[in-house]
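Coordinates as given in structure-v4.csv (CSV, C-alpha atoms):
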chain,number,residue,atom,x,y,z
A,1,MET,CA,59.8,-16.8,3.4
A,2,ALA,CA,58.3,-16.2,-0.1
A,3,ILE,CA,59.3,-12.5,-0.2
A,4,THR,CA,62.8,-13.3,1.2
A,5,HIS,CA,63.2,-16.1,-1.4
A,6,ALA,CA,62.1,-13.7,-4.2
A,7,CYS,CA,64.6,-11.0,-3.1
A,8,ILE,CA,67.5,-13.5,-2.8
A,9,ALA,CA,66.7,-15.0,-6.2
A,10,THR,CA,66.5,-11.7,-8.0
A,11,ALA,CA,69.6,-10.3,-6.4
A,12,GLY,CA,71.5,-13.5,-7.3
A,13,VAL,CA,70.2,-13.5,-10.9
A,14,SER,CA,71.0,-9.8,-11.4
A,15,LEU,CA,74.6,-10.3,-10.1
A,16,LEU,CA,75.4,-13.7,-11.6
A,17,LEU,CA,73.8,-13.0,-15.0
A,18,SER,CA,74.7,-9.3,-15.2
A,19,THR,CA,71.2,-8.2,-16.0
A,20,SER,CA,68.8,-5.6,-14.9
A,21,HIS,CA,66.1,-6.5,-17.5
A,22,PRO,CA,62.7,-7.1,-15.9
A,23,LEU,CA,62.0,-10.4,-17.7
A,24,PRO,CA,64.8,-12.5,-16.1
A,25,LEU,CA,64.2,-10.9,-12.7
A,26,VAL,CA,60.5,-11.7,-12.9
A,27,LEU,CA,61.3,-15.3,-13.9
A,28,ALA,CA,63.8,-15.5,-11.0
A,29,VAL,CA,60.9,-14.7,-8.7
A,30,LEU,CA,58.9,-17.4,-10.3
A,31,GLY,CA,61.8,-19.9,-9.9
A,32,SER,CA,62.2,-18.9,-6.3
A,33,GLN,CA,58.6,-19.9,-5.4
A,34,LEU,CA,58.7,-23.3,-7.1
A,35,PRO,CA,60.3,-25.2,-4.2
A,36,ASP,CA,57.3,-24.4,-2.0
A,37,LEU,CA,55.0,-26.1,-4.5
A,38,ASP,CA,55.1,-29.1,-2.1
A,39,THR,CA,52.8,-27.4,0.4
A,40,THR,CA,49.3,-26.1,-0.1
A,41,THR,CA,49.9,-23.4,2.5
A,42,SER,CA,52.4,-21.5,0.3
A,43,ILE,CA,51.4,-18.8,-2.1
A,44,ILE,CA,52.3,-20.9,-5.2
A,45,GLY,CA,50.7,-23.9,-3.6
A,46,GLN,CA,47.4,-22.0,-3.3
A,47,VAL,CA,47.6,-20.8,-6.9
A,48,LEU,CA,48.4,-24.3,-8.2
A,49,TYR,CA,46.4,-26.1,-5.6
A,50,PRO,CA,45.8,-29.4,-7.5
A,51,VAL,CA,49.4,-29.8,-8.3
A,52,SER,CA,50.5,-28.8,-4.9
A,53,ARG,CA,48.1,-31.2,-3.2
A,54,TRP,CA,49.2,-34.1,-5.4
A,55,ILE,CA,52.9,-33.4,-4.4
A,56,GLU,CA,52.0,-32.8,-0.7
A,57,ASP,CA,50.3,-36.2,-0.4
A,58,ARG,CA,53.3,-38.1,-1.8
A,59,PHE,CA,56.4,-36.3,-0.7
A,60,PRO,CA,57.6,-34.7,2.6
A,61,HIS,CA,57.9,-30.9,2.7
A,62,ARG,CA,61.3,-29.7,1.5
A,63,SER,CA,62.2,-32.9,-0.3
A,64,ILE,CA,61.7,-33.4,-4.0
A,65,THR,CA,60.9,-29.8,-4.9
A,66,HIS,CA,63.8,-28.5,-2.9
A,67,SER,CA,66.4,-30.8,-4.6
A,68,LEU,CA,69.0,-30.5,-7.3
A,69,VAL,CA,66.9,-33.0,-9.3
A,70,ALA,CA,64.1,-30.4,-9.5
A,71,THR,CA,66.6,-27.7,-10.5
A,72,GLY,CA,67.8,-29.8,-13.3
A,73,ALA,CA,64.3,-30.6,-14.5
A,74,ILE,CA,63.4,-27.0,-14.5
A,75,ALA,CA,66.6,-26.1,-16.5
A,76,ALA,CA,65.9,-28.9,-19.0
A,77,LEU,CA,62.5,-27.4,-19.6
A,78,SER,CA,63.2,-23.6,-19.5
A,79,LEU,CA,66.6,-23.4,-21.3
A,80,PRO,CA,65.6,-25.0,-24.6
A,81,ILE,CA,62.6,-22.7,-24.8
A,82,ALA,CA,64.6,-19.6,-24.0
A,83,LEU,CA,67.3,-20.5,-26.5
A,84,TYR,CA,64.7,-21.0,-29.2
A,85,PHE,CA,63.5,-17.4,-28.6
A,86,GLY,CA,67.1,-16.2,-28.3
A,87,ASN,CA,67.1,-15.2,-24.6
A,88,TRP,CA,69.2,-17.6,-22.6
A,89,LYS,CA,69.3,-15.3,-19.6
A,90,ALA,CA,65.5,-15.6,-19.2
A,91,GLY,CA,65.8,-19.4,-19.4
A,92,ALA,CA,68.6,-19.5,-16.9
A,93,ALA,CA,66.8,-17.2,-14.4
A,94,VAL,CA,64.1,-19.8,-13.6
A,95,PRO,CA,66.4,-22.7,-12.5
A,96,LEU,CA,68.9,-20.3,-10.9
A,97,GLY,CA,66.1,-18.7,-8.9
A,98,HIS,CA,65.0,-22.1,-7.8
A,99,LEU,CA,68.5,-23.2,-6.8
A,100,LEU,CA,69.2,-20.0,-4.8
A,101,SER,CA,65.9,-20.4,-3.0
A,102,CYS,CA,66.7,-24.0,-2.1
A,103,PHE,CA,70.2,-23.0,-1.0
A,104,SER,CA,68.8,-20.3,1.3
A,105,ASP,CA,66.6,-22.9,3.0
A,106,CYS,CA,69.7,-24.8,3.9
A,107,PHE,CA,70.2,-22.2,6.6
A,108,THR,CA,66.9,-22.8,8.3
A,109,ARG,CA,66.3,-25.1,11.2
A,110,GLN,CA,64.8,-27.9,9.1
A,111,GLY,CA,67.1,-27.7,6.1
A,112,VAL,CA,66.2,-29.4,2.8
A,113,GLN,CA,66.7,-32.7,1.1
A,114,LEU,CA,69.0,-31.1,-1.5
A,115,PHE,CA,70.3,-34.4,-2.9
A,116,TRP,CA,66.9,-36.1,-3.1
A,117,PRO,CA,66.2,-39.1,-3.5
A,118,ASP,CA,69.0,-39.4,-0.9
A,119,PRO,CA,67.0,-38.7,2.3
A,120,ALA,CA,69.8,-36.8,4.0
A,121,TRP,CA,69.0,-33.2,5.0
A,122,ALA,CA,71.3,-30.4,3.9
A,123,ILE,CA,71.7,-28.0,6.8
A,124,SER,CA,74.4,-25.3,6.6
A,125,VAL,CA,74.7,-24.3,10.3
A,126,SER,CA,75.7,-27.0,12.8
A,127,ASN,CA,74.4,-25.1,15.8
A,128,PRO,CA,70.5,-25.3,15.7
A,129,ARG,CA,70.2,-22.1,17.7
A,130,ARG,CA,72.0,-20.2,15.0
A,131,ARG,CA,69.8,-21.4,12.1
A,132,LEU,CA,67.1,-19.2,10.7
A,133,ARG,CA,63.5,-19.4,11.8
A,134,THR,CA,60.8,-18.6,9.3
A,135,GLY,CA,59.3,-15.2,10.3
A,136,GLY,CA,62.1,-14.7,12.9
A,137,PRO,CA,64.4,-11.7,13.3
A,138,GLY,CA,67.1,-13.5,11.4
A,139,GLU,CA,64.9,-13.7,8.3
A,140,TYR,CA,64.3,-10.0,8.3
A,141,TRP,CA,68.1,-9.3,8.4
A,142,VAL,CA,68.5,-11.7,5.4
A,143,LEU,CA,65.7,-9.9,3.6
A,144,ALA,CA,67.3,-6.5,4.2
A,145,ALA,CA,70.6,-7.9,2.9
A,146,ALA,CA,69.0,-9.4,-0.1
A,147,VAL,CA,67.2,-6.1,-1.0
A,148,ALA,CA,70.5,-4.3,-0.7
A,149,LEU,CA,72.2,-6.9,-3.0
A,150,LEU,CA,69.4,-6.6,-5.4
A,151,LEU,CA,69.9,-2.8,-5.7
A,152,VAL,CA,73.6,-3.3,-6.1
A,153,GLY,CA,73.0,-6.0,-8.7
A,154,ILE,CA,70.7,-3.8,-10.8
A,155,HIS,CA,73.1,-0.9,-10.5
A,156,VAL,CA,76.1,-3.0,-11.5
A,157,ALA,CA,74.2,-4.8,-14.3
A,158,GLY,CA,73.1,-1.4,-15.7
A,159,GLY,CA,76.8,-0.5,-16.0
A,160,GLY,CA,77.6,-3.7,-17.9
A,161,GLY,CA,77.9,-6.3,-15.2
A,162,VAL,CA,80.3,-7.4,-12.5
A,163,SER,CA,83.2,-8.0,-14.8
A,164,VAL,CA,82.8,-4.5,-16.3
A,165,ALA,CA,82.4,-2.9,-12.8
A,166,VAL,CA,85.7,-4.6,-11.7
A,167,GLY,CA,87.4,-3.7,-14.9
A,168,GLN,CA,86.3,-0.1,-14.6
A,169,SER,CA,87.4,0.2,-11.0
A,170,ILE,CA,91.0,-0.8,-12.0
A,171,GLY,CA,91.0,0.9,-15.4
A,172,LEU,CA,91.4,-2.1,-17.7
A,173,ARG,CA,91.6,-1.0,-21.3
A,174,GLU,CA,89.6,-4.1,-22.5
A,175,THR,CA,86.7,-3.0,-20.3
A,176,ALA,CA,86.9,0.5,-21.7
A,177,ILE,CA,86.8,-0.8,-25.2
A,178,SER,CA,83.8,-3.0,-24.4
A,179,THR,CA,82.0,-0.1,-22.8
A,180,TYR,CA,82.6,2.0,-25.9
A,181,ASN,CA,81.4,-0.7,-28.3
A,182,ALA,CA,78.4,-1.5,-26.2
A,183,HIS,CA,76.9,2.1,-26.5
A,184,PRO,CA,76.9,3.2,-30.1
A,185,GLN,CA,74.0,5.5,-29.5
A,186,ASN,CA,75.6,7.3,-26.5
A,187,ALA,CA,78.4,9.7,-26.0
A,188,VAL,CA,81.1,7.7,-24.2
A,189,TYR,CA,83.6,9.5,-22.0
A,190,ALA,CA,87.1,8.5,-20.9
A,191,ASP,CA,88.2,9.4,-17.4
A,192,ILE,CA,91.9,9.5,-18.0
A,193,LYS,CA,94.7,9.5,-15.4
A,194,GLY,CA,98.1,10.1,-16.9
A,195,VAL,CA,100.6,12.6,-18.3
A,196,TRP,CA,101.3,14.3,-21.6
A,197,ALA,CA,103.9,12.5,-23.6
A,198,ASP,CA,105.8,15.7,-24.5
A,199,ASP,CA,106.5,17.3,-21.1
A,200,ARG,CA,105.1,14.8,-18.5
A,201,SER,CA,102.7,17.3,-17.1
A,202,ARG,CA,99.4,15.9,-15.9
A,203,ALA,CA,96.7,15.1,-18.4
A,204,ASP,CA,94.1,14.0,-16.0
A,205,GLY,CA,90.5,14.7,-17.0
A,206,GLU,CA,87.4,13.5,-18.8
A,207,TYR,CA,87.5,13.4,-22.6
A,208,LEU,CA,84.9,12.5,-25.2
A,209,ILE,CA,85.8,9.4,-27.2
A,210,LEU,CA,85.6,10.1,-30.9
A,211,LYS,CA,86.6,6.6,-32.0
A,212,ALA,CA,88.6,3.6,-31.1
A,213,ASP,CA,92.0,2.9,-32.7
A,214,GLY,CA,92.9,-0.7,-31.9
A,215,SER,CA,93.3,-0.8,-28.1
A,216,GLU,CA,93.7,3.0,-28.0
A,217,PHE,CA,91.2,5.9,-28.4
A,218,ILE,CA,91.1,9.2,-30.2
A,219,VAL,CA,89.6,11.7,-27.7
A,220,THR,CA,88.8,15.3,-27.4
A,221,ASP,CA,88.4,17.8,-24.6
A,222,GLY,CA,86.6,20.3,-26.8
A,223,SER,CA,89.8,22.3,-27.6
A,224,GLY,CA,92.0,19.6,-29.1
A,225,ILE,CA,92.1,16.1,-30.4
A,226,TYR,CA,94.4,13.5,-28.8
A,227,HIS,CA,95.5,9.9,-29.2
A,228,THR,CA,95.8,8.0,-26.0
A,229,GLY,CA,98.7,5.9,-27.3
A,230,GLN,CA,100.7,8.9,-28.7
A,231,SER,CA,99.7,12.1,-27.1
A,232,MET,CA,99.6,10.7,-23.5
A,233,VAL,CA,101.2,8.2,-21.2
A,234,VAL,CA,98.0,6.7,-19.7
A,235,GLU,CA,98.1,5.3,-16.2
A,236,SER,CA,94.4,4.4,-16.1
A,237,LEU,CA,91.4,4.9,-18.4
A,238,LYS,CA,87.8,4.3,-17.3
A,239,ALA,CA,85.0,4.6,-19.9
A,240,ARG,CA,81.4,5.5,-19.1
A,241,ALA,CA,78.4,5.9,-21.2
A,242,GLY,CA,76.8,9.4,-21.1
A,243,GLU,CA,73.8,11.0,-22.7
A,244,PRO,CA,72.3,9.7,-25.9
A,245,MET,CA,74.1,11.2,-28.9
A,246,GLU,CA,72.8,11.1,-32.4
A,247,THR,CA,75.8,10.9,-34.8
A,248,GLN,CA,75.0,11.6,-38.4
A,249,THR,CA,77.3,10.5,-41.3
A,250,GLU,CA,77.4,11.9,-44.8
A,251,THR,CA,79.7,11.5,-47.8
A,252,LEU,CA,81.0,14.4,-49.9
A,253,SER,CA,82.4,13.7,-53.4
A,254,PHE,CA,84.5,16.2,-55.2
A,255,ALA,CA,85.3,16.1,-59.0
A,256,ASP,CA,88.0,18.7,-59.6
A,257,GLU,CA,86.2,21.6,-57.8
A,258,ASN,CA,86.7,24.0,-55.0
A,259,PRO,CA,85.2,22.4,-51.8
A,260,VAL,CA,84.8,25.6,-49.7
A,261,GLU,CA,81.2,26.4,-50.6
A,262,ARG,CA,80.0,22.9,-49.8
A,263,LEU,CA,82.0,22.8,-46.6
A,264,GLN,CA,80.5,26.2,-45.5
A,265,GLN,CA,77.0,24.9,-46.4
A,266,LEU,CA,77.6,21.9,-44.2
A,267,ALA,CA,78.5,24.2,-41.3
A,268,ILE,CA,75.4,26.3,-41.9
A,269,SER,CA,73.1,23.2,-42.0
A,270,HIS,CA,74.4,22.0,-38.6
A,271,PRO,CA,75.0,25.0,-36.4
A,272,GLY,CA,76.7,24.4,-33.1
A,273,LYS,CA,77.6,20.8,-33.9
A,274,ALA,CA,81.1,19.2,-34.0
A,275,ILE,CA,81.8,18.1,-37.5
A,276,TYR,CA,84.8,16.0,-38.5
A,277,LEU,CA,86.1,15.0,-41.9
A,278,THR,CA,87.8,11.7,-42.8
A,279,GLY,CA,89.1,10.7,-46.2
A,280,THR,CA,91.6,11.4,-49.0
A,281,LEU,CA,91.7,14.3,-51.4
A,282,THR,CA,94.0,15.0,-54.4
A,283,VAL,CA,94.8,18.8,-54.3
A,284,ASP,CA,96.1,20.9,-57.2
A,285,TYR,CA,98.4,23.2,-55.1
A,286,PRO,CA,99.8,21.3,-52.1
A,287,GLU,CA,102.3,24.1,-51.4
A,288,GLY,CA,99.4,26.3,-50.6
A,289,ILE,CA,98.2,24.2,-47.7
A,290,THR,CA,99.5,25.1,-44.3
A,291,LEU,CA,99.3,22.4,-41.7
A,292,GLN,CA,100.0,23.4,-38.1
A,293,PRO,CA,102.5,21.1,-36.3
A,294,PRO,CA,100.3,18.8,-34.2
A,295,GLY,CA,102.4,19.2,-31.0
A,296,ARG,CA,100.8,17.0,-28.4
A,297,GLN,CA,97.6,16.8,-30.5
A,298,TYR,CA,96.6,14.0,-32.8
A,299,GLU,CA,97.7,14.6,-36.4
A,300,THR,CA,94.3,14.9,-38.1
A,301,ALA,CA,95.8,16.0,-41.5
A,302,ALA,CA,98.8,14.9,-43.4
A,303,ILE,CA,100.0,15.7,-47.0
A,304,MET,CA,102.3,13.7,-49.2
A,305,GLY,CA,102.8,15.0,-52.7
A,306,GLU,CA,99.4,16.0,-54.0
A,307,THR,CA,97.5,13.7,-51.6
A,308,LEU,CA,95.9,15.2,-48.5
A,309,THR,CA,94.8,12.6,-45.9
A,310,LEU,CA,92.3,13.7,-43.2
A,311,ASP,CA,91.3,11.7,-40.1
A,312,LEU,CA,88.7,13.3,-37.8
A,313,HIS,CA,89.9,16.7,-39.1
A,314,PRO,CA,87.7,19.6,-37.8
A,315,LEU,CA,85.5,21.2,-40.5
A,316,GLU,CA,86.5,24.7,-39.6
A,317,LEU,CA,90.2,24.0,-40.2
A,318,ALA,CA,89.6,22.2,-43.5
A,319,THR,CA,87.5,25.1,-44.8
A,320,VAL,CA,90.4,27.5,-44.2
A,321,GLN,CA,93.1,25.2,-45.5
A,322,LEU,CA,91.3,24.3,-48.7
A,323,SER,CA,90.1,27.8,-49.6
A,324,ASP,CA,92.4,28.1,-52.6
A,325,GLN,CA,92.3,24.4,-53.7
A,326,TRP,CA,90.6,22.4,-56.4
A,327,VAL,CA,90.2,18.9,-55.2
A,328,VAL,CA,89.3,15.4,-56.3
A,329,GLY,CA,88.2,12.7,-53.9
A,330,ARG,CA,85.7,11.7,-51.2
A,331,LEU,CA,85.2,12.7,-47.6
A,332,ALA,CA,83.2,10.9,-44.8
A,333,VAL,CA,81.5,13.5,-42.6
A,334,SER,CA,80.8,12.7,-39.0
A,335,ILE,CA,78.3,15.1,-37.3
A,336,GLY,CA,78.0,15.0,-33.6
A,337,SER,CA,75.0,16.1,-31.6

Please re-express this file's structure in structure tokens.
Amino acid sequence: MAITHACIATAGVSLLLSTSHPLPLVLAVLGSQLPDLDTTTSIIGQVLYPVSRWIEDRFPHRSITHSLVATGAIAALSLPIALYFGNWKAGAAVPLGHLLSCFSDCFTRQGVQLFWPDPAWAISVSNPRRRLRTGGPGEYWVLAAAVALLLVGIHVAGGGGVSVAVGQSIGLRETAISTYNAHPQNAVYADIKGVWADDRSRADGEYLILKADGSEFIVTDGSGIYHTGQSMVVESLKARAGEPMETQTETLSFADENPVERLQQLAISHPGKAIYLTGTLTVDYPEGITLQPPGRQYETAAIMGETLTLDLHPLELATVQLSDQWVVGRLAVSIGS
């Protein structure tokens, strides 16, 4: 049952520890083989023959090495080492793989002495005819199920784990925020179900998340910028990480000058890229700035007195609106890929 044990252990570790990283999965395979160290006919018993022979001569098969005592001893050894190197999942994978392997053997005809040194045998199925036989048809069904669970575990872990998968399926906002924060090098998209706040028409669609605003998001569909807590009444929001996206940031400082030339040069230097401006400027002629009513869109520009405040304001709009202005201040520039 070595292969079956390995598949059960890796599937369980992947799902329980929410990981698809090769190291914990390989260590889970190692842990799953350790119970059979008590027999020299097993794969690990042949590899570690002197140790296996010593155990085999002193303890019955499926006793001490198949017990919770052995699981605890493995954990006491592996976890401190893993914590020292800052990888607790790798350390937990070995005893967890061992425990899952022992538990699976409880469904076989012989069972295991799970509570050794108590000699009682732990057997999960009362009817002997329904217990698994090593190499029998039942084992192959278990193997197939374990492989399927392993594939599911790797897929789910790649998306953030079981909790994330459940949260995504029901559209929990906390899960969406976690997904967004966990992928700073990727474009993150929001699949939104809901209506527009102004007329209650459907706003369903996929939007690129520009940034988080508390428990809400500022998003764009390529033609407008929207705030999920203001522009929309959101019924569900599921976030997913997309393609890698290199976002560059720059800072522009203005000392009583016309900003248009520098803004135009910015556009020329990054053709075809979405560029957004955030910051505060003092302008000399506020009456000359025309801001379009935001409507259902997020208000990316606001002016009060001589102070112009921008938040993810599109570069092309700012270039037009500041064409006749002399400004003082600083702008953070966000350049998408």

Query raised in the report: Counting only C-alpha atoms, what is within 12 Å of Leu331 (chain A), bar same-chain residues fewer than 4 positions away, as an NGL selection string?
Result: :A and (249-255 or 259 or 262-263 or 275-282 or 308-313 or 315 or 318 or 327)

Requested in this report: Excluding Asn186 (chain A) and residues on its chain fewer than 3 positions from it, collect all residues at most 10 Å away from it, counting all atoms listed in the file, and give them as a list in words.
Outcome: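 Those residues are Tyr180, Ala182, His183, Tyr189, Arg240, Ala241, Gly242, Glu243, Pro244, Met245, Glu246 and Thr247 of chain A.
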
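Restricting the calculation to only C-alpha atoms, the smallest distance between Tyr226 (chain A) and any of A:Gly91, A:Gln264, A:Val320, A:Gly295 is found for A:Gly295.
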
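Taking CA of Ser334 (chain A) and CA of Asp198 (chain A) as the two end points, the separation is 29.1 Å.
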
Query - Which of A:Ala120, A:Val234, A:Ala144, A:Leu48 sits closest to Ile3 (chain A) [using all atoms listed in the file] - result: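 Looking at the shortest contact to Ile3 (chain A), the residue is A:Ala144.
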